[in-house]
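Accompanying notes for the structure given below.
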Amino acid sequence: MNIPLALEIENLTFRYRSRTEPAIKNISLSVAQGQLILIAGASGCGKTTLARCINGLIPRSYKGELSGRILLQGQDIAGLPLARISQLVGTVLQDPERQILGTRVLYEVAFGLENLGLPRDEILHRVEEALDYLNISHLRDRETFNLSGGEKQKVALAGVLAMNPSILLLDEPLASLDPASAQEALELIRRLSDEGMTVLMVEHRVEDVLKIHPDRVLFMMDGEIRYDGDPDGLTKAVDYREVKLPAKMIIQRAAAYPPPPLLQALPDVILSAEEEPLVRFEDVSFGYEEGQRVLDKINLDIRRGDVIAVLGPNGAGKTTLVKHAIGLLKPKSGRVLVQGRDTRHLSVAEVANTLGYVFQSPSHMLFAPTVHDELAFGPKNLGHKLEDIEKQVAEAVEIVHLNGMEQDPPLALSFGQQKRVSIAAILAMRSRILVMDEPTAGQDYKNYMDFMTSIVQMQGFQAILFITHDVDLAVIYANRVLLVNQGRLVADGKPEEVLSNFERLTANRLVPTSLLQANLEYLPRAGHFLSAEALAHLPPP
């Protein structure tokens, strides 16, 4: 018996109107009903463009030159209206900010169903079913504006599932999720596929996705499919420096190459008891809505030499905590001091001289006509000299691998490239403290390893703080880990102290990774945590 094809793509090529080269070229692909397919590849390789062609956004919303054809359930989508395609293909975008329109979760999940003109009772039934399916019924009446990035991602998925599509298209579904939520999402995705739904998942977290045994993996490079086959073959077909593979696999393969340069993170600084911290939180409490506490009596010092990873579940208060440090939010009680001055008496612009902040969503930051202008904007407003600005812009472009894109419009770039532009914009400002919210979201392994290594070795930063759901980022780069949950500081210490307590990690929705487990095995020899590439050159435990 022949299994019907859910999707057929024939010789697909597309070039954006704003670019000279095609984003994808000569893509041909057949997908059987019920298959779960992982689409991997470097940031900017064409994954999202392929997704936009499948869900009809190209050429209806994104203009350019398109050739080839796409069949959904045997229908050529060229002549179908977008409303019809959206009933066949449910899409969860990479950046949930761009997808959520409703003011409350209930309205958001019901939005697509209302547009189909379904009866009210059926809409409410489908909404409740989708919320329950994703274990987010408790968010039903919450305002979408006040949700965390991970919560917004789940709400966006609920809105799509409520439409009962035959193909589910997920663009970086794990990017904003804490490790336990990511694990749950993957189990859910596997279940949806097992129940007959066709799932196409664009994802950089390859190691995590391989755990649910996708039926097939596509690896894209330079707009083309370079590998199409089973998951076992992928690990042999790709460079371990480009795709994040399990730590033991990297250790085996990296042993054949020269050891990486020793990572010289910001040095531990011996501080006198009298030295004033760069930032101090004193009994800080805060809530967005009456009667709700997002931060609860936080006491915290950020000092010279700190490279701090902030970990914790979705909705724990991590971003709210950081927004207090940069003066975007003011405490309801307690106070935040930046270099001894209360943020209540400082403007955001004044704080920006000390702290540079990379937002979780690049769409909250980017506005300039070119990448160069975006990067030059901050230093100009801080009064830097023209010759210094050009040098700072050039260095920032180099660090985040944006060479050749200086004159491109930032909003025409992929999400991952936009994220790198937002990081470079803050690097160019040369603030004393660098603060990054989910710096690796939308980034491939090679890109984020390169720019994180460069950032922690840059001269000029007195401290670095980054929020992340990637435990391995904390393992490799942090010299201090903060664990935040339910608005409280659960743990604060060296990575090898905080991350070795698996019971505490699990209680705070973190999942021990293969790299963390390898580091704990090697710790007696290494003395501190290292990357898998560095562990490869130590005697085995």
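Within each chain, counting starts at residue 1; across the structure tokens, chains are named A, B, ... in the order shown, with ligands numbered 1 upward in that order.
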What lies within 8 Å of Thr354 (chain A) using only C-alpha atoms, ignoring chain neighbours under 5 positions off, as number ranges by chain?
A: 338, 431-433
For Leu346 (chain A), work out the shell of residues within 12 Å, counting only C-alpha atoms and skipping chain neighbours fewer than 3 positions away, then give it as a tab-separated table (two decimals) with C-alpha atoms, in the first residue's frame.
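Now in result-v1.tsv:
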```
chain	number	residue	atom	x	y	z
A	324	HIS	CA	15.93	45.92	36.60
A	325	ALA	CA	19.72	45.95	36.25
A	326	ILE	CA	19.49	48.13	33.13
A	327	GLY	CA	16.83	50.47	34.53
A	328	LEU	CA	14.03	49.44	32.12
A	329	LEU	CA	12.01	48.38	35.16
A	330	LYS	CA	12.02	49.93	38.64
A	336	VAL	CA	18.94	48.54	42.43
A	337	LEU	CA	22.24	50.42	42.45
A	338	VAL	CA	24.37	50.80	39.31
A	339	GLN	CA	27.86	51.93	40.32
A	340	GLY	CA	26.41	53.20	43.59
A	341	ARG	CA	23.51	55.15	42.05
A	342	ASP	CA	19.84	54.19	42.50
A	343	THR	CA	18.25	53.35	39.12
A	349	ALA	CA	20.23	56.35	28.58
A	350	GLU	CA	22.40	57.05	31.63
A	351	VAL	CA	22.45	53.36	32.59
A	352	ALA	CA	23.39	52.48	28.96
A	353	ASN	CA	26.80	54.05	29.52
A	354	THR	CA	27.48	51.22	31.98
```
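Comparing A:Ala474, A:Leu134, A:Leu262, A:Leu465 by their smallest distance to Lys323 (chain A), the closest is A:Leu465 (using only C-alpha atoms).
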Hey, what's within 12 Å of Phe219 (chain A) if we count only C-alpha atoms and toss same-chain stuff fewer than 4 positions away? As number ranges by chain, please?
A: 37-43, 45-47, 201-204, 206, 223-231, 233-235, 237-239, 242-243
Please write the residues from the selection above to a file, keeping C-alpha atoms, as a CSV table (one decimal), in the first residue's frame.
```
chain,number,residue,atom,x,y,z
A,37,ILE,CA,11.6,15.5,9.7
A,38,LEU,CA,14.4,17.6,11.2
A,39,ILE,CA,15.8,20.4,9.0
A,40,ALA,CA,19.2,21.5,10.3
A,41,GLY,CA,21.9,23.8,9.0
A,42,ALA,CA,23.8,27.0,9.7
A,43,SER,CA,22.0,30.3,10.4
A,45,CYS,CA,21.5,28.7,5.1
A,46,GLY,CA,17.9,28.8,3.8
A,47,LYS,CA,15.9,26.8,6.3
A,201,MET,CA,11.0,20.9,12.4
A,202,VAL,CA,13.7,23.6,11.7
A,203,GLU,CA,16.0,23.4,14.7
A,204,HIS,CA,19.6,24.1,15.7
A,206,VAL,CA,20.2,18.9,16.9
A,223,GLY,CA,20.6,27.3,0.1
A,224,GLU,CA,20.9,23.6,-0.9
A,225,ILE,CA,20.1,20.2,0.7
A,226,ARG,CA,23.5,18.6,1.3
A,227,TYR,CA,22.3,15.6,3.3
A,228,ASP,CA,18.9,13.8,3.3
A,229,GLY,CA,18.8,10.6,5.2
A,230,ASP,CA,18.5,8.8,8.5
A,231,PRO,CA,19.7,10.4,11.7
A,233,GLY,CA,24.1,9.1,8.8
A,234,LEU,CA,24.0,12.8,9.8
A,235,THR,CA,26.6,12.4,12.5
A,237,ALA,CA,28.2,13.4,7.2
A,238,VAL,CA,28.6,16.8,9.1
A,239,ASP,CA,31.5,18.6,10.6
A,242,GLU,CA,29.1,23.0,12.8
A,243,VAL,CA,26.4,20.9,14.3
```
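Across the structure, CA of Val397 (chain A) and CA of Ile423 (chain A) are spaced 9.7 Å apart.
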Out of region 158-240 of chain A, which residues get helix (DSSP H, G or I) from DSSP, as a PyMOL selection string?
chain A and resi 158-161+179-194+206-210+231-237
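Nearest-residue note for Glu187 (chain A): choosing from A:Asp132, A:Asp208, A:Asp232, A:Asp76, the minimum distance belongs to A:Asp208, counting only C-alpha atoms.
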Tell me, as a PyMOL selection string, which residues lie within 10 Å of region 402-412 of chain A, counting only C-alpha atoms; anything in the same chain fewer than 5 positions away does not count.
chain A and resi 16-19+62+362-363+366-375+393-394+396-397+417-422+424
Save the residues we just selected, C-alpha atoms, as a JSON list (two decimals), in the first residue's frame?
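Writing done, so here's out.json:
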```json
[["chain", "number", "residue", "atom", "x", "y", "z"],
["A", 16, "TYR", "CA", 14.51, 37.79, -2.13],
["A", 17, "ARG", "CA", 13.94, 41.10, -3.89],
["A", 18, "SER", "CA", 16.51, 42.79, -1.62],
["A", 19, "ARG", "CA", 19.27, 40.20, -2.29],
["A", 62, "TYR", "CA", 7.89, 38.01, 1.00],
["A", 362, "PRO", "CA", 15.80, 41.22, 17.93],
["A", 363, "SER", "CA", 12.61, 42.81, 16.57],
["A", 366, "LEU", "CA", 16.38, 46.69, 15.08],
["A", 367, "PHE", "CA", 15.19, 49.69, 13.07],
["A", 368, "ALA", "CA", 18.05, 51.15, 10.96],
["A", 369, "PRO", "CA", 18.16, 50.85, 7.13],
["A", 370, "THR", "CA", 21.50, 48.99, 7.11],
["A", 371, "VAL", "CA", 23.49, 46.74, 9.43],
["A", 372, "HIS", "CA", 26.28, 49.36, 9.53],
["A", 373, "ASP", "CA", 23.86, 52.12, 10.60],
["A", 374, "GLU", "CA", 22.36, 49.82, 13.25],
["A", 375, "LEU", "CA", 25.78, 49.16, 14.76],
["A", 393, "VAL", "CA", 31.61, 48.62, 14.14],
["A", 394, "ALA", "CA", 34.22, 46.70, 12.10],
["A", 396, "ALA", "CA", 31.72, 43.86, 16.11],
["A", 397, "VAL", "CA", 30.94, 42.72, 12.53],
["A", 417, "GLN", "CA", 21.39, 36.84, 11.61],
["A", 418, "GLN", "CA", 19.16, 39.50, 13.17],
["A", 419, "LYS", "CA", 20.12, 38.17, 16.59],
["A", 420, "ARG", "CA", 23.79, 38.54, 15.70],
["A", 421, "VAL", "CA", 23.16, 42.12, 14.50],
["A", 422, "SER", "CA", 21.54, 42.95, 17.86],
["A", 424, "ALA", "CA", 26.99, 43.39, 17.48]]
```
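For region 88-93 of chain A, the non-local neighbours within 6 Å, defined as residues at least 4 positions apart in the same chain or in other chains and counting only C-alpha atoms, are Asn55, Leu157, Val160, Pro165, Ser166, Ile167, Leu168, Leu169, Leu170 and Asp171 of chain A.
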